[in-house]
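File shown here: structure.txt, holding compact mmCIF, C-alpha atoms.
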# COMPACT_ATOMS: atom_id res chain seq x y z
CA MET A 1 -8.09 -14.64 14.09
CA PHE A 2 -9.54 -13.32 10.84
CA ILE A 3 -12.80 -15.23 11.12
CA LYS A 4 -13.69 -13.68 14.50
CA ILE A 5 -13.13 -10.18 13.18
CA LEU A 6 -15.21 -10.83 10.04
CA GLN A 7 -17.98 -12.42 12.10
CA ARG A 8 -18.05 -9.41 14.43
CA ILE A 9 -18.39 -7.02 11.50
CA VAL A 10 -21.23 -9.02 9.94
CA GLU A 11 -23.13 -9.63 13.17
CA GLU A 12 -22.84 -6.13 14.65
CA SER A 13 -23.93 -4.39 11.46
CA GLY A 14 -27.67 -4.41 10.82
CA GLY A 15 -28.52 -6.55 7.79
CA GLY A 16 -25.04 -7.98 7.27
CA ILE A 17 -24.86 -10.93 4.85
CA GLY A 18 -21.18 -11.73 4.84
CA ALA A 19 -17.61 -10.45 4.75
CA VAL A 20 -14.53 -11.73 2.99
CA LEU A 21 -10.85 -10.82 3.43
CA MET A 22 -9.29 -11.08 0.00
CA GLY A 23 -6.19 -10.25 -2.00
CA TYR A 24 -6.31 -8.07 -5.11
CA ASP A 25 -5.47 -11.26 -6.98
CA GLY A 26 -8.97 -12.55 -6.10
CA ILE A 27 -7.79 -15.19 -3.64
CA ALA A 28 -9.63 -15.13 -0.30
CA ILE A 29 -7.85 -15.51 3.04
CA GLU A 30 -11.00 -15.94 5.09
CA GLN A 31 -14.73 -15.37 4.89
CA TYR A 32 -17.74 -15.33 7.16
CA PHE A 33 -21.35 -15.62 6.07
CA SER A 34 -24.49 -15.12 8.04
CA PRO A 35 -25.96 -18.68 8.27
CA GLU A 36 -29.30 -17.88 6.60
CA GLU A 37 -27.88 -16.12 3.55
CA LYS A 38 -27.32 -17.69 0.18
CA LEU A 39 -25.65 -14.84 -1.72
CA ASP A 40 -22.24 -15.76 -3.10
CA LEU A 41 -20.20 -12.88 -1.71
CA HIS A 42 -16.98 -14.72 -2.55
CA MET A 43 -17.85 -14.62 -6.24
CA ILE A 44 -18.80 -10.93 -5.98
CA ALA A 45 -15.45 -10.09 -4.36
CA VAL A 46 -13.51 -12.05 -7.00
CA GLU A 47 -15.36 -10.25 -9.80
CA TYR A 48 -14.79 -6.83 -8.24
CA ALA A 49 -11.09 -7.34 -7.41
CA ASN A 50 -10.20 -6.27 -10.96
CA VAL A 51 -12.44 -3.22 -10.73
CA LEU A 52 -10.79 -2.23 -7.43
CA ARG A 53 -7.35 -2.44 -9.02
CA GLU A 54 -8.61 -0.17 -11.79
CA ILE A 55 -10.11 2.34 -9.32
CA ARG A 56 -6.83 2.37 -7.39
CA ARG A 57 -4.75 2.85 -10.52
CA THR A 58 -6.98 5.74 -11.65
CA ALA A 59 -6.79 7.38 -8.19
CA GLU A 60 -2.98 7.23 -8.44
CA ILE A 61 -2.91 8.71 -11.94
CA LEU A 62 -5.27 11.52 -10.89
CA ASN A 63 -3.36 12.16 -7.66
CA LEU A 64 -6.46 11.70 -5.48
CA GLY A 65 -4.49 10.04 -2.68
CA ASP A 66 -4.62 6.41 -1.60
CA MET A 67 -7.93 4.62 -2.05
CA GLU A 68 -9.48 3.75 1.32
CA GLU A 69 -13.03 2.63 0.69
CA VAL A 70 -15.36 1.83 -2.19
CA SER A 71 -19.07 1.21 -1.88
CA ILE A 72 -21.61 0.05 -4.40
CA LYS A 73 -25.35 0.27 -3.89
CA THR A 74 -27.64 -1.78 -6.09
CA GLU A 75 -31.36 -2.46 -6.13
CA ARG A 76 -30.83 -5.31 -3.69
CA TYR A 77 -27.53 -4.89 -1.85
CA HIS A 78 -24.90 -2.63 -0.39
CA ILE A 79 -21.33 -3.76 -0.99
CA VAL A 80 -18.72 -1.98 1.10
CA VAL A 81 -15.02 -2.56 0.40
CA ARG A 82 -12.41 -1.38 2.88
CA ILE A 83 -8.78 -1.36 1.80
CA ILE A 84 -6.54 -2.92 4.45
CA THR A 85 -3.09 -2.98 2.84
CA ALA A 86 -1.60 -2.58 -0.63
CA ASP A 87 -2.44 -6.28 -1.16
CA TYR A 88 -5.63 -6.97 0.81
CA PHE A 89 -9.16 -5.68 1.22
CA VAL A 90 -12.35 -6.67 3.03
CA ALA A 91 -15.57 -6.81 1.02
CA MET A 92 -18.79 -6.81 2.97
CA THR A 93 -22.34 -7.22 1.72
CA LEU A 94 -25.48 -5.99 3.44
CA ARG A 95 -29.09 -6.24 2.51
CA ARG A 96 -30.33 -3.04 0.97
CA ASP A 97 -32.26 -2.18 4.12
CA GLY A 98 -29.15 -2.82 6.23
CA ASN A 99 -27.25 -0.19 8.20
CA PHE A 100 -24.71 1.07 5.66
CA GLY A 101 -23.29 3.73 7.99
CA LYS A 102 -22.72 1.22 10.78
CA ALA A 103 -21.05 -1.23 8.39
CA ARG A 104 -18.63 1.51 7.27
CA TYR A 105 -17.92 2.37 10.90
CA LEU A 106 -17.29 -1.28 11.87
CA LEU A 107 -14.96 -1.81 8.90
CA THR A 108 -13.00 1.29 9.87
CA ARG A 109 -12.90 0.22 13.53
CA GLU A 110 -11.64 -3.29 12.70
CA THR A 111 -9.03 -2.21 10.15
CA GLY A 112 -6.36 -1.98 12.86
CA ASN A 113 -7.21 -5.49 14.11
CA LEU A 114 -7.05 -6.90 10.59
CA LEU A 115 -3.71 -5.17 10.00
CA ALA A 116 -2.37 -6.67 13.23
CA ALA A 117 -3.65 -10.13 12.25
CA LEU A 118 -2.05 -9.85 8.79
CA ALA A 119 1.33 -8.77 10.19
CA MET B 1 -31.86 23.60 -15.71
CA PHE B 2 -29.07 21.15 -15.00
CA ILE B 3 -26.65 23.77 -13.71
CA LYS B 4 -29.05 24.96 -10.99
CA ILE B 5 -29.56 21.42 -9.73
CA LEU B 6 -25.83 20.68 -9.71
CA GLN B 7 -25.09 23.96 -7.96
CA ARG B 8 -27.72 23.20 -5.30
CA ILE B 9 -26.16 19.79 -4.62
CA VAL B 10 -22.65 21.23 -4.31
CA GLU B 11 -23.60 24.22 -2.19
CA GLU B 12 -25.99 22.45 0.20
CA SER B 13 -23.58 19.62 0.95
CA GLY B 14 -20.81 20.47 3.39
CA GLY B 15 -17.40 20.49 1.70
CA GLY B 16 -18.71 20.09 -1.87
CA ILE B 17 -16.12 20.74 -4.58
CA GLY B 18 -18.13 20.13 -7.73
CA ALA B 19 -20.66 17.98 -9.56
CA VAL B 20 -20.87 16.87 -13.17
CA LEU B 21 -23.73 15.29 -15.12
CA MET B 22 -22.14 12.92 -17.60
CA GLY B 23 -22.86 10.11 -20.03
CA TYR B 24 -21.24 6.69 -19.70
CA ASP B 25 -19.37 7.64 -22.85
CA GLY B 26 -17.45 10.23 -20.78
CA ILE B 27 -19.10 13.25 -22.39
CA ALA B 28 -20.40 15.81 -19.89
CA ILE B 29 -23.77 17.52 -20.25
CA GLU B 30 -23.19 20.08 -17.53
CA GLN B 31 -20.94 20.76 -14.56
CA TYR B 32 -20.76 23.06 -11.59
CA PHE B 33 -17.64 23.77 -9.52
CA SER B 34 -17.31 25.63 -6.30
CA PRO B 35 -15.43 28.81 -7.31
CA GLU B 36 -12.45 28.34 -5.00
CA GLU B 37 -11.67 24.77 -6.00
CA LYS B 38 -9.06 23.68 -8.48
CA LEU B 39 -9.66 19.90 -8.63
CA ASP B 40 -10.45 18.65 -12.13
CA LEU B 41 -13.64 16.73 -11.41
CA HIS B 42 -14.41 16.52 -15.10
CA MET B 43 -11.23 14.52 -15.70
CA ILE B 44 -12.03 12.28 -12.71
CA ALA B 45 -15.52 11.56 -14.06
CA VAL B 46 -14.18 10.79 -17.54
CA GLU B 47 -11.60 8.39 -16.10
CA TYR B 48 -14.17 6.63 -13.91
CA ALA B 49 -16.88 6.32 -16.59
CA ASN B 50 -15.20 3.13 -17.82
CA VAL B 51 -14.99 1.75 -14.30
CA LEU B 52 -18.69 2.48 -13.77
CA ARG B 53 -19.58 0.57 -16.92
CA GLU B 54 -17.53 -2.35 -15.60
CA ILE B 55 -19.21 -2.23 -12.17
CA ARG B 56 -22.62 -2.15 -13.85
CA ARG B 57 -21.78 -5.04 -16.14
CA THR B 58 -20.54 -7.11 -13.19
CA ALA B 59 -23.67 -6.30 -11.15
CA GLU B 60 -25.77 -7.56 -14.07
CA ILE B 61 -23.77 -10.77 -14.43
CA LEU B 62 -23.99 -11.46 -10.71
CA ASN B 63 -27.69 -10.59 -10.58
CA LEU B 64 -27.23 -7.95 -7.86
CA GLY B 65 -29.93 -5.69 -9.31
CA ASP B 66 -29.46 -2.34 -11.03
CA MET B 67 -26.52 -0.23 -9.85
CA GLU B 68 -27.75 2.93 -8.09
CA GLU B 69 -24.75 4.53 -6.43
CA VAL B 70 -20.99 4.11 -6.22
CA SER B 71 -18.74 5.95 -3.82
CA ILE B 72 -14.98 6.10 -3.55
CA LYS B 73 -13.13 7.46 -0.55
CA THR B 74 -9.48 8.36 -0.88
CA GLU B 75 -6.95 10.04 1.40
CA ARG B 76 -8.13 13.44 0.17
CA TYR B 77 -11.61 13.16 -1.34
CA HIS B 78 -15.00 11.53 -1.39
CA ILE B 79 -16.40 10.85 -4.85
CA VAL B 80 -20.09 9.96 -4.95
CA VAL B 81 -21.66 8.77 -8.19
CA ARG B 82 -25.41 8.57 -8.53
CA ILE B 83 -26.87 6.72 -11.50
CA ILE B 84 -29.67 8.74 -13.13
CA THR B 85 -30.60 6.70 -16.22
CA ALA B 86 -29.13 3.83 -18.25
CA ASP B 87 -27.04 6.50 -20.05
CA TYR B 88 -26.28 9.21 -17.49
CA PHE B 89 -24.84 9.65 -14.01
CA VAL B 90 -23.86 12.50 -11.69
CA ALA B 91 -20.40 12.44 -10.13
CA MET B 92 -19.83 14.66 -7.15
CA THR B 93 -16.63 15.33 -5.26
CA LEU B 94 -16.33 16.48 -1.66
CA ARG B 95 -13.36 17.27 0.46
CA ARG B 96 -12.52 14.40 2.75
CA ASP B 97 -13.88 16.28 5.75
CA GLY B 98 -17.11 17.01 3.84
CA ASN B 99 -20.54 15.66 4.72
CA PHE B 100 -20.68 12.39 2.78
CA GLY B 101 -24.09 11.41 4.17
CA LYS B 102 -25.65 14.72 3.20
CA ALA B 103 -24.15 14.53 -0.28
CA ARG B 104 -25.73 11.09 -0.78
CA TYR B 105 -29.06 12.42 0.47
CA LEU B 106 -28.94 15.45 -1.84
CA LEU B 107 -28.07 13.31 -4.86
CA THR B 108 -30.97 10.99 -4.07
CA ARG B 109 -33.31 13.95 -3.52
CA GLU B 110 -32.36 15.60 -6.84
CA THR B 111 -32.48 12.43 -8.95
CA GLY B 112 -36.14 13.05 -9.80
CA ASN B 113 -35.39 16.64 -10.87
CA LEU B 114 -32.49 15.50 -13.06
CA LEU B 115 -34.68 12.80 -14.61
CA ALA B 116 -37.33 15.41 -15.37
CA ALA B 117 -34.73 17.77 -16.87
CA LEU B 118 -33.31 14.97 -19.04
CA ALA B 119 -36.74 13.92 -20.34

The structure given in the file should be rewritten as structure tokens.
Amino acid sequence: MFIKILQRIVEESGGGIGAVLMGYDGIAIEQYFSPEEKLDLHMIAVEYANVLREIRRTAEILNLGDMEEVSIKTERYHIVVRIITADYFVAMTLRRDGNFGKARYLLTRETGNLLAALA
Amino acid sequence: MFIKILQRIVEESGGGIGAVLMGYDGIAIEQYFSPEEKLDLHMIAVEYANVLREIRRTAEILNLGDMEEVSIKTERYHIVVRIITADYFVAMTLRRDGNFGKARYLLTRETGNLLAALA
């Protein structure tokens, strides 16, 4: 169950706003949002899907090895993207004061479960 | 002195390969590489300058606040980019087993010194 996994990631991290499992084509499979949050993480993930494809392509050209994780810190948010397969990624948003390290750990921990659920 | 600051960041982080201070136009001001490393960080930074502009533009459109930091983890490397001004950023590369958290801390710590040196 994708939703359970996403919910676990958001709730166990400190300051988690939401998480979305999405294809590189910008189409979401599932998403979970913390009830009190209004931020449109779905829109963020759609907008950044193109950027992720570009980062991946550049990593291939430069022979850096497969892309595994991308994170973006802004004045207000942390966005952590974990690559799950060649087609899918999870994008998670935390408040800026959230626990970025724990979010990264939870995404890494749940990658195997998401892979199993996608299979 | 830019080179001293970059050298400090690379040497104090565990597993640092190099750091480059660069404009969004892909033109480097200064760079420092650990002597034993062969990775072309300059090329990586040039290639990703476009992606950074795109991430920044998207953050503006989505009202996420100013972009402060972007990191990319691949099979072999960590790349950490710290935004210094509207025109300049520092890109740093670490080996995958390097100390990502310390690199982020050092980049944050030295941002004020880089700002002062750019002024």

Exercise for review: At a cut-off of 10 Å, list the chain A residues touching chain B, using all atoms listed in the file, as a PyMOL selection string.
Suggested key: chain A and resi 39-41+43-44+47-48+50-52+54-56+58-59+61-82+101

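For stretch 14-20 of chain A, the non-local neighbours within 7 Å, defined as residues at least 3 positions apart in the same chain or in other chains and counting all atoms listed in the file, are Leu6, Val10, Glu11, Ala28, Glu30, Gln31, Tyr32, Phe33, Ser34, Glu37, Leu41, His42, Val90, Ala91, Met92, Thr93, Leu94, Arg95, Asp97, Gly98 and Asn99 of chain A.
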
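The space between atom CA of A:Asn113 and atom CA of A:Ala86 spans 16.0 Å.
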
Review point. Which one is closest to A:Phe89: A:Met22, A:Ala117, A:Val46, A:Ile27? Count all atoms listed in the file.
Key: A:Met22

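If you look at atom CA of B:Tyr88 and atom CA of B:Gly23, they are 4.4 Å away from each other.
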
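Interatomic distance, atom CA of B:Gly26 to atom CA of B:Leu107: 19.4 Å.
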
Exercise for review: Please provide the set of residues having any atom within 8 Å of A:Ile5, restricted to all atoms listed in the file, with same-chain residues fewer than 4 positions apart removed, written as an MDAnalysis selection string.
Suggested key: chainID A and resid 1 9 110 113:114

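In terms of minimum interatomic distance to B:Tyr24, B:Asp87 ranks closest within B:Glu12, B:Ala45, B:Arg57, B:Asp87, counting all atoms listed in the file.
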